[in-house]
There are 2 protein chains.
Amino acid sequence: MDILIKNTTIVTMSNENEIIQDGFVVISGDRIAYVGEAEPEGFSYDRIIDGRNKAVLPGLMNMHTHSPMVLVRGYADDMCLQDWLFNKIFPVEAQLAPEDVYWGSTYAIMEMLRSGITSFADMYFYVNEVARAVNLSGMRACLCTGIQNGDKIGRPEKNSYLAENRRLYDEWNGRADGRISVYMGPHSVYMCEPELLYYISDLAHQLGTGIHIHVSETIKENLDCIKRYGKSPVALLDEIGLLGPKTIAAHCVHVSEEDMNILKDRGVSVAYNPTSNLKLGSGLAPIKRLLQKGINLALGTDGASSNNNLNIFEEMHLAALISKGAELDSTCVDAFEAVSMATTNGAKALGKIIMENREFNTIDSEQAIYNIKRIAARLGR
Amino acid sequence: MDILIKNTTIVTMSNENEIIQDGFVVISGDRIAYVGEAEPEGFSYDRIIDGRNKAVLPGLMNMHTHSPMVLVRGYADDMCLQDWLFNKIFPVEAQLAPEDVYWGSTYAIMEMLRSGITSFADMYFYVNEVARAVNLSGMRACLCTGIQNGDKIGRPEKNSYLAENRRLYDEWNGRADGRISVYMGPHSVYMCEPELLYYISDLAHQLGTGIHIHVSETIKENLDCIKRYGKSPVALLDEIGLLGPKTIAAHCVHVSEEDMNILKDRGVSVAYNPTSNLKLGSGLAPIKRLLQKGINLALGTDGASSNNNLNIFEEMHLAALISKGAELDSTCVDAFEAVSMATTNGAKALGKIIMENREFNTIDSEQAIYNIKRIAARLGR
């Protein structure tokens with residue numbers, strides 16, 4: 001089936017910031033077969049769309065969300081984070097059945113498609129249900145289970161969340177005509193012990209898949225990590241070998257110059273969630289510095305309950321505005337950078353576009369094991 | 001003519017944060033004649049609106065804008081302020097004819113009405129044309145000419161901008177069935193000499209009208225003012241007697257504790273313009289402190305060229321979010337405060353709702369004249 005979009009403005013998002021006026025786009029099956037100024041030939045169209053007074057741009061990518069959380073949208077606002085999470089969100093999430101997760105994710109997918117999102121990176125539980133929803137929807141998604149310590153601390157091989165993530169990988173990675181990829185989802189340095197993080201990282205390397213993790217979202221996370229391990233979350237994760245070009249580090253609100261250098265060296269992609277960082281009082285991420293360092297910055301909505309929607313246009317809008325005000329620099333994050341974050345940088349994060357720094361140094365496994373032992377010794381294990 | 005809105009959610013914005021479900025609103029002529037839960041009696045309706053799945057709230061108030069600047073919307077973005085203003089905006093504005101201002105303002109009014117704005121406070125030139133547009137539209141507006149030094153420095157009585165503002169007052173204040181009020185519009189401390197500011201302030205007191213002025217929008221404005229006058233813009237304006245409960249101080253991004261105390265003591269209303277302050281790299285206004293001080297905070301869009309639209313819902317959204325992130329406090333600026341800024345606080349700014357602190361101290365004119373002489377002496381005049 002071939003579809004033609006004609007007479008439209010095409011924002012190609014190629015490096016040259018190229019805009020084609022009155023152009024043509026052909027979609028042939030599941031591929032974009034043609035983009036250009038001249039009318040294409042050799043196709044037979046099942047559908048012709050008049051794109052006059054509209055613009056076509058690459059699919060938007062929501063690189064950090066918890067899609068089923070649309071179910072708790074607006075459930076609690078204007079509260080302090082701990083109160084919000086422990087007294088409102090966690091208790092209601094504990095009551096969700098797998099079927100709820102399926103319908104929540106289905107709703108989220110409809111909401112995302114409606115505002116132009118074609119791919120998303122998701123972390124939740126009962127993710128098999130999310131995969132079912134993705135499969136039916138036609139969307140592209142990078143899924144993982146949010147892995148936390150649970151009651152098997154010190155025995156990563158017995159961790160039930162990790163086991164669920166592994167099952168998810170076996171059942172769904174590469175499925176839905178290749179639209180679904182399954183990553184490993186260690187929640188964060190405060191929800192996962194270093195041994196578990198190492199085990200997850202090692203498994204991801206073995207499987208050749210990526211990692212999706214929350215990093216330095218709040219000052220509290222940093223302070224607790226420094227107190228416990230004597231280093232920042234980024235430095236800790238790097239010692240464990242978890243940072244590489246297939247790692248999506250969500251948030252990175254409170255990262256130091258040194259942290260940023262590590263993120264850059266490892267080729268990590270950062271998922272910036274402006275609305276969530278504001279709403280939850282997490283802070284203002286150092287976007288200007290991250291961009292200056294050449295770190296790949298994509299955008300995310302986070303869950304709808306910390307947003308309160310799943311609209312990457314709003315995140316683009318905020319990304320373009322906030323740093324200008326916070327840095328007192330009206331040239332910071334220009335329009336092309338903001339749209340890149342929402343489109344091509346998301347594609348780079350998922351390896352759909354090869355990044356320049358694809359040749360990366362990753363820590364070797366012997367060194368990582370040595371580091372883990374050192375950390376364990378420090379913790380008295 | 002009576003209009004009934006029935007079966008609707010009514011956000012009354014009374015102090016109790018009252019929400020009426022399935023309520024009724026009656027508009028009789030140009031007045032809201034009834035708001036309540038019970039079906040009203042004694043009216044004869046020309047029009048009945050089913051408000052199911054909708055909400056009715058007080059008209060939104062755009063307390064700082066330059067409406068005709070919709071004509072230069074999107075003309076220049078992502079530039080540094082000086083470059084933007086002097087190389088892009090001013091040259092194109094210099095070419096505007098009165099008729100352009102009329103059509104620009106008409107367009108802006110349509111845009112504002114569409115997103116629920118019913119009143120706006122405007123500062124521009126050829127404001128007679130803006131008044132014509134307001135008169136035809138049915139909107140409520142507080143208009144003024146942006147007054148600057150011009151070539152008659154030191155002779156305020158010969159200032160042509162002030163003369164235009166005065167003519168505007170004589171022709172339009174109280175006109176359009178009372179929908180138009182005319183304020184005095186001294187642009188700012190950097191565009192007006194102290195003698196001119198004093199002259200304007202004195203005239204406003206004589207006429208019993210208010211003042212609309214830009215205050216501490218940028219760090220540069222503050223530094224220049226301190227260098228020249230040895231004090232902040234707020235302190236300078238206070239010495240001149242220009243601050244009172246009929247003063248709308250737009251921006252106030254860079255105000256000190258002392259400045260805020262003055263604003264509070266004088267009963268000044270602040271028009272906060274979150275999008276503009278971000279887009280132009282002006283900074284993050286200390287909203288949490290302004291609210292804690294009990295200063296009346298309303299919202300503005302500023303001109304469309306520094307926004308890029310005239311939508312108070314977006315300003316509410318940003319007002320509710322930015323301070324949470326900047327202050328690392330997710331309880332800061334709750335929903336009721338944000339909607340108050342957009343509605344009742346705007347009405348307070350225009351004196352449509354009497355503020356608690358209406359009994360204010362204003363500087364007496366003898367003291368102001370003494371202060372002006374002191375400032376003039378300092379400047380060697």
# chains A, B, ... in the order shown; residues from 1 in each chain; ligands from 1
$ closest_atom_pairs --of "region 69-176 of chain A" --to "region 327-347 of chain A" --cutoff "10 Å" --atoms "only C-alpha atoms" --output "Markdown table"
| residue | atom | partner | partner_atom | distance |
| --- | --- | --- | --- | --- |
| A:Ile117 | CA | A:Ala342 | CA | 9.1 |
| A:Thr118 | CA | A:Thr343 | CA | 9.7 |
| A:Ser119 | CA | A:Gly346 | CA | 8.6 |
| A:Phe120 | CA | A:Gly346 | CA | 8.9 |
| A:Ala121 | CA | A:Gly346 | CA | 9.4 |
$ closest_atom_pairs --of "chain B" --to "chain A" --cutoff "12 Å" --atoms "only C-alpha atoms" --output "JSON lines"
{"residue": "B:Gly74", "atom": "CA", "partner": "A:Ala335", "partner_atom": "CA", "distance": 11.5}
{"residue": "B:Ala76", "atom": "CA", "partner": "A:Thr331", "partner_atom": "CA", "distance": 11.2}
{"residue": "B:Asp77", "atom": "CA", "partner": "A:Asp334", "partner_atom": "CA", "distance": 8.1}
{"residue": "B:Asp78", "atom": "CA", "partner": "A:Thr331", "partner_atom": "CA", "distance": 4.5}
{"residue": "B:Met79", "atom": "CA", "partner": "A:Thr331", "partner_atom": "CA", "distance": 5.0}
{"residue": "B:Cys80", "atom": "CA", "partner": "A:Ser330", "partner_atom": "CA", "distance": 5.3}
{"residue": "B:Leu81", "atom": "CA", "partner": "A:Ser330", "partner_atom": "CA", "distance": 7.0}
{"residue": "B:Gln82", "atom": "CA", "partner": "A:Ser330", "partner_atom": "CA", "distance": 10.4}
{"residue": "B:Asp83", "atom": "CA", "partner": "A:Ser330", "partner_atom": "CA", "distance": 10.6}
{"residue": "B:Trp84", "atom": "CA", "partner": "A:Ser330", "partner_atom": "CA", "distance": 9.7}
{"residue": "B:Glu217", "atom": "CA", "partner": "A:Leu328", "partner_atom": "CA", "distance": 11.5}
{"residue": "B:Thr218", "atom": "CA", "partner": "A:Leu328", "partner_atom": "CA", "distance": 9.0}
{"residue": "B:Ile219", "atom": "CA", "partner": "A:Leu328", "partner_atom": "CA", "distance": 9.2}
{"residue": "B:Lys220", "atom": "CA", "partner": "A:Leu328", "partner_atom": "CA", "distance": 11.1}
{"residue": "B:Val253", "atom": "CA", "partner": "A:Gly325", "partner_atom": "CA", "distance": 10.4}
{"residue": "B:His254", "atom": "CA", "partner": "A:Leu328", "partner_atom": "CA", "distance": 11.7}
{"residue": "B:Asn273", "atom": "CA", "partner": "A:Gly325", "partner_atom": "CA", "distance": 11.7}
{"residue": "B:Pro274", "atom": "CA", "partner": "A:Gly325", "partner_atom": "CA", "distance": 9.1}
{"residue": "B:Thr275", "atom": "CA", "partner": "A:Leu321", "partner_atom": "CA", "distance": 7.3}
{"residue": "B:Ser276", "atom": "CA", "partner": "A:Gly325", "partner_atom": "CA", "distance": 9.0}
{"residue": "B:Asn277", "atom": "CA", "partner": "A:Gly325", "partner_atom": "CA", "distance": 6.3}
{"residue": "B:Leu278", "atom": "CA", "partner": "A:Gly325", "partner_atom": "CA", "distance": 3.9}
{"residue": "B:Lys279", "atom": "CA", "partner": "A:Leu321", "partner_atom": "CA", "distance": 5.4}
{"residue": "B:Leu280", "atom": "CA", "partner": "A:Ser330", "partner_atom": "CA", "distance": 5.0}
{"residue": "B:Gly281", "atom": "CA", "partner": "A:Leu328", "partner_atom": "CA", "distance": 4.3}
{"residue": "B:Ser282", "atom": "CA", "partner": "A:Leu328", "partner_atom": "CA", "distance": 5.7}
{"residue": "B:Gly283", "atom": "CA", "partner": "A:Gly325", "partner_atom": "CA", "distance": 4.4}
{"residue": "B:Leu284", "atom": "CA", "partner": "A:Gly325", "partner_atom": "CA", "distance": 6.0}
{"residue": "B:Ala285", "atom": "CA", "partner": "A:Gly325", "partner_atom": "CA", "distance": 9.5}
{"residue": "B:Ser306", "atom": "CA", "partner": "A:Ser330", "partner_atom": "CA", "distance": 10.7}
{"residue": "B:Asn307", "atom": "CA", "partner": "A:Leu321", "partner_atom": "CA", "distance": 9.7}
{"residue": "B:Asn308", "atom": "CA", "partner": "A:His317", "partner_atom": "CA", "distance": 10.9}
{"residue": "B:Glu314", "atom": "CA", "partner": "A:Glu314", "partner_atom": "CA", "distance": 10.2}
{"residue": "B:Glu315", "atom": "CA", "partner": "A:Leu318", "partner_atom": "CA", "distance": 11.9}
{"residue": "B:His317", "atom": "CA", "partner": "A:Thr275", "partner_atom": "CA", "distance": 10.1}
{"residue": "B:Leu318", "atom": "CA", "partner": "A:Leu318", "partner_atom": "CA", "distance": 8.7}
{"residue": "B:Ala319", "atom": "CA", "partner": "A:Leu278", "partner_atom": "CA", "distance": 10.6}
{"residue": "B:Ala320", "atom": "CA", "partner": "A:Lys279", "partner_atom": "CA", "distance": 8.0}
{"residue": "B:Leu321", "atom": "CA", "partner": "A:Leu278", "partner_atom": "CA", "distance": 5.3}
{"residue": "B:Ile322", "atom": "CA", "partner": "A:Leu278", "partner_atom": "CA", "distance": 5.9}
{"residue": "B:Ser323", "atom": "CA", "partner": "A:Leu278", "partner_atom": "CA", "distance": 7.6}
{"residue": "B:Lys324", "atom": "CA", "partner": "A:Gly281", "partner_atom": "CA", "distance": 4.7}
{"residue": "B:Gly325", "atom": "CA", "partner": "A:Leu278", "partner_atom": "CA", "distance": 3.9}
{"residue": "B:Ala326", "atom": "CA", "partner": "A:Gly283", "partner_atom": "CA", "distance": 5.9}
{"residue": "B:Glu327", "atom": "CA", "partner": "A:Gly281", "partner_atom": "CA", "distance": 7.1}
{"residue": "B:Leu328", "atom": "CA", "partner": "A:Gly281", "partner_atom": "CA", "distance": 4.3}
{"residue": "B:Asp329", "atom": "CA", "partner": "A:Gly281", "partner_atom": "CA", "distance": 4.7}
{"residue": "B:Ser330", "atom": "CA", "partner": "A:Gly281", "partner_atom": "CA", "distance": 4.3}
{"residue": "B:Thr331", "atom": "CA", "partner": "A:Asp78", "partner_atom": "CA", "distance": 4.5}
{"residue": "B:Cys332", "atom": "CA", "partner": "A:Asp78", "partner_atom": "CA", "distance": 7.1}
{"residue": "B:Val333", "atom": "CA", "partner": "A:Asp78", "partner_atom": "CA", "distance": 7.8}
{"residue": "B:Asp334", "atom": "CA", "partner": "A:Asp78", "partner_atom": "CA", "distance": 5.5}
{"residue": "B:Ala335", "atom": "CA", "partner": "A:Asp78", "partner_atom": "CA", "distance": 7.4}
{"residue": "B:Phe336", "atom": "CA", "partner": "A:Asp78", "partner_atom": "CA", "distance": 10.1}
{"residue": "B:Glu337", "atom": "CA", "partner": "A:Asp78", "partner_atom": "CA", "distance": 10.8}
{"residue": "B:Ala338", "atom": "CA", "partner": "A:Asp78", "partner_atom": "CA", "distance": 11.2}
$ select_by_dssp --residues "region 131-218 of chain B" --states "strand (DSSP E or B)" --output "list in words"
Arg140, Ala141, Cys142, Leu143, Cys144, Thr145, Ile147, Ile180, Ser181, Val182, Met184, Pro186, Ile211, His212, Ile213, His214 and Val215 of chain B
$ residues_around --residues "region 22-31 of chain A" --least-positions-apart "4" --cutoff "12 Å" --atoms "only C-alpha atoms" --output "JSON, numbers by chain"
{"A": [1, 2, 3, 4, 5, 6, 7, 8, 9, 10, 11, 12, 18, 35, 36, 37, 38, 39, 40, 41, 42, 43, 44, 45, 46, 47, 48, 49, 50, 51, 52, 53, 54, 55, 56, 57, 58, 138, 139, 140, 177, 178, 179]}
$ write_last_selection --atoms "N, CA and C atoms" --output "compact mmCIF listing (two decimals), in the first residue's frame"
# COMPACT_ATOMS: atom_id res chain seq x y z
N MET A 1 0.84 -1.22 0.00
CA MET A 1 0.00 0.00 0.00
C MET A 1 0.87 1.26 0.00
N ASP A 2 0.68 2.11 -1.00
CA ASP A 2 1.43 3.37 -1.08
C ASP A 2 0.54 4.55 -0.70
N ILE A 3 1.09 5.43 0.12
CA ILE A 3 0.38 6.66 0.50
C ILE A 3 1.20 7.85 0.04
N LEU A 4 0.52 8.82 -0.58
CA LEU A 4 1.19 10.06 -1.00
C LEU A 4 0.70 11.23 -0.15
N ILE A 5 1.65 12.01 0.39
CA ILE A 5 1.29 13.30 1.00
C ILE A 5 1.85 14.37 0.06
N LYS A 6 0.98 15.25 -0.43
CA LYS A 6 1.44 16.21 -1.44
C LYS A 6 1.23 17.66 -0.99
N ASN A 7 1.92 18.57 -1.66
CA ASN A 7 1.77 20.02 -1.42
C ASN A 7 2.00 20.40 0.03
N THR A 8 3.01 19.84 0.64
CA THR A 8 3.16 20.06 2.07
C THR A 8 4.54 20.62 2.41
N THR A 9 4.64 21.22 3.59
CA THR A 9 5.93 21.70 4.08
C THR A 9 6.61 20.54 4.81
N ILE A 10 7.82 20.22 4.38
CA ILE A 10 8.52 19.07 4.98
C ILE A 10 9.72 19.56 5.77
N VAL A 11 9.68 19.30 7.07
CA VAL A 11 10.81 19.64 7.94
C VAL A 11 11.62 18.35 8.06
N THR A 12 12.67 18.24 7.25
CA THR A 12 13.35 16.94 7.15
C THR A 12 14.20 16.63 8.37
N GLU A 18 17.05 21.59 6.79
CA GLU A 18 16.41 21.71 5.48
C GLU A 18 14.88 21.72 5.59
N VAL A 35 11.02 11.37 -0.25
CA VAL A 35 10.82 12.71 0.30
C VAL A 35 11.48 13.67 -0.68
N GLY A 36 10.74 14.64 -1.22
CA GLY A 36 11.39 15.56 -2.14
C GLY A 36 10.49 16.64 -2.69
N GLU A 37 11.11 17.52 -3.47
CA GLU A 37 10.39 18.65 -4.05
C GLU A 37 9.63 18.27 -5.31
N ALA A 38 10.21 17.32 -6.07
CA ALA A 38 9.59 16.93 -7.35
C ALA A 38 8.55 15.84 -7.11
N GLU A 39 7.53 15.83 -7.93
CA GLU A 39 6.49 14.80 -7.80
C GLU A 39 7.10 13.44 -8.14
N PRO A 40 6.98 12.47 -7.25
CA PRO A 40 7.61 11.17 -7.48
C PRO A 40 6.84 10.35 -8.53
N GLU A 41 7.56 9.41 -9.12
CA GLU A 41 6.92 8.55 -10.13
C GLU A 41 7.09 7.09 -9.75
N GLY A 42 6.29 6.24 -10.36
CA GLY A 42 6.47 4.80 -10.18
C GLY A 42 5.74 4.21 -8.99
N PHE A 43 4.90 4.99 -8.32
CA PHE A 43 4.11 4.45 -7.22
C PHE A 43 2.65 4.36 -7.64
N SER A 44 1.91 3.49 -6.99
CA SER A 44 0.46 3.50 -7.23
C SER A 44 -0.21 3.70 -5.88
N TYR A 45 -0.92 4.79 -5.76
CA TYR A 45 -1.38 5.23 -4.45
C TYR A 45 -2.75 4.67 -4.07
N ASP A 46 -2.81 4.17 -2.87
CA ASP A 46 -4.10 3.77 -2.31
C ASP A 46 -4.76 4.96 -1.62
N ARG A 47 -3.90 5.93 -1.25
CA ARG A 47 -4.44 7.08 -0.53
C ARG A 47 -3.59 8.30 -0.84
N ILE A 48 -4.23 9.42 -1.11
CA ILE A 48 -3.51 10.67 -1.36
C ILE A 48 -3.99 11.69 -0.33
N ILE A 49 -3.04 12.27 0.39
CA ILE A 49 -3.38 13.25 1.43
C ILE A 49 -2.91 14.62 0.97
N ASP A 50 -3.82 15.59 0.99
CA ASP A 50 -3.43 16.96 0.63
C ASP A 50 -2.84 17.62 1.88
N GLY A 51 -1.56 17.90 1.83
CA GLY A 51 -0.87 18.42 3.01
C GLY A 51 -0.78 19.94 3.06
N ARG A 52 -1.59 20.61 2.26
CA ARG A 52 -1.57 22.07 2.22
C ARG A 52 -1.79 22.66 3.62
N ASN A 53 -1.03 23.70 3.94
CA ASN A 53 -1.13 24.37 5.25
C ASN A 53 -0.83 23.44 6.42
N LYS A 54 -0.10 22.39 6.14
CA LYS A 54 0.33 21.49 7.20
C LYS A 54 1.84 21.27 7.05
N ALA A 55 2.45 20.69 8.05
CA ALA A 55 3.86 20.36 7.96
C ALA A 55 4.04 18.88 8.28
N VAL A 56 5.00 18.27 7.60
CA VAL A 56 5.36 16.88 7.88
C VAL A 56 6.73 16.90 8.52
N LEU A 57 6.86 16.24 9.66
CA LEU A 57 8.20 16.12 10.25
C LEU A 57 8.39 14.72 10.78
N PRO A 58 9.63 14.34 11.09
CA PRO A 58 9.84 12.98 11.57
C PRO A 58 8.97 12.69 12.79
N GLY A 138 0.55 -0.49 16.29
CA GLY A 138 1.38 -0.03 15.17
C GLY A 138 2.50 0.89 15.61
N MET A 139 2.57 1.19 16.89
CA MET A 139 3.63 2.06 17.39
C MET A 139 4.94 1.31 17.54
N ARG A 140 6.03 2.08 17.68
CA ARG A 140 7.34 1.51 17.96
C ARG A 140 7.63 1.79 19.44
N ASP A 177 6.77 -7.08 14.13
CA ASP A 177 7.49 -6.64 12.92
C ASP A 177 8.71 -5.80 13.26
N GLY A 178 9.35 -6.14 14.35
CA GLY A 178 10.56 -5.41 14.73
C GLY A 178 10.29 -4.09 15.43
N ARG A 179 9.03 -3.79 15.70
CA ARG A 179 8.72 -2.51 16.33
C ARG A 179 9.03 -2.48 17.83
$ atom_distance --atom1 "CA of Asn371 (chain A)" --atom2 "CA of Gly210 (chain A)"
21.1 Å
$ atom_distance --atom1 "CA of Glu93 (chain B)" --atom2 "CA of Leu162 (chain B)"
19.2 Å
$ closest_residue --among "B:Tyr190, B:Lys288, B:Tyr183, B:Tyr169" --to "Lys227 (chain B)" --atoms "only C-alpha atoms"
B:Tyr190
$ residues_around --residues "Thr209 (chain A)" --least-positions-apart "5" --cutoff "9 Å" --atoms "only C-alpha atoms" --output "ChimeraX atom specification"
/A:181-184,203-204,246
$ residues_around --residues "Met69 (chain B)" --least-positions-apart "6" --cutoff "9 Å" --atoms "only C-alpha atoms" --output "NGL selection string"
:B and (93 or 101 or 104-105 or 108 or 124 or 303-306)
$ write_last_selection --atoms "N, CA and C atoms" --output "PDB file, in the first residue's frame"
ATOM      1  N   GLU B  93       8.861  48.082  13.418  1.00  0.00           N
ATOM      2  CA  GLU B  93       7.801  48.864  14.067  1.00  0.00           C
ATOM      3  C   GLU B  93       7.781  50.311  13.561  1.00  0.00           C
ATOM      4  N   VAL B 101      -1.693  49.415  13.079  1.00  0.00           N
ATOM      5  CA  VAL B 101      -1.909  49.216  14.514  1.00  0.00           C
ATOM      6  C   VAL B 101      -3.359  48.808  14.769  1.00  0.00           C
ATOM      7  N   GLY B 104      -3.669  45.177  13.586  1.00  0.00           N
ATOM      8  CA  GLY B 104      -2.892  44.320  14.496  1.00  0.00           C
ATOM      9  C   GLY B 104      -3.642  44.105  15.795  1.00  0.00           C
ATOM     10  N   SER B 105      -4.154  45.186  16.349  1.00  0.00           N
ATOM     11  CA  SER B 105      -4.872  45.083  17.608  1.00  0.00           C
ATOM     12  C   SER B 105      -6.164  44.283  17.447  1.00  0.00           C
ATOM     13  N   ALA B 108      -5.213  40.743  17.436  1.00  0.00           N
ATOM     14  CA  ALA B 108      -4.839  40.333  18.801  1.00  0.00           C
ATOM     15  C   ALA B 108      -6.075  40.117  19.667  1.00  0.00           C
ATOM     16  N   TYR B 124       1.302  50.796  23.837  1.00  0.00           N
ATOM     17  CA  TYR B 124       1.848  50.844  22.482  1.00  0.00           C
ATOM     18  C   TYR B 124       1.868  52.287  21.996  1.00  0.00           C
ATOM     19  N   GLY B 303       4.050  41.211  24.508  1.00  0.00           N
ATOM     20  CA  GLY B 303       3.692  41.230  23.094  1.00  0.00           C
ATOM     21  C   GLY B 303       3.883  39.851  22.470  1.00  0.00           C
ATOM     22  N   ALA B 304       3.143  39.593  21.391  1.00  0.00           N
ATOM     23  CA  ALA B 304       3.218  38.273  20.762  1.00  0.00           C
ATOM     24  C   ALA B 304       4.624  37.980  20.241  1.00  0.00           C
ATOM     25  N   SER B 305       5.391  39.005  19.927  1.00  0.00           N
ATOM     26  CA  SER B 305       6.725  38.756  19.379  1.00  0.00           C
ATOM     27  C   SER B 305       7.678  38.233  20.445  1.00  0.00           C
ATOM     28  N   SER B 306       7.341  38.423  21.701  1.00  0.00           N
ATOM     29  CA  SER B 306       8.198  37.863  22.754  1.00  0.00           C
ATOM     30  C   SER B 306       7.492  36.728  23.484  1.00  0.00           C
TER      31      SER B 306
END
$ closest_residue --among "B:Val189, B:Leu136, B:Leu242, B:Leu196" --to "Cys225 (chain B)" --atoms "only C-alpha atoms"
B:Val189
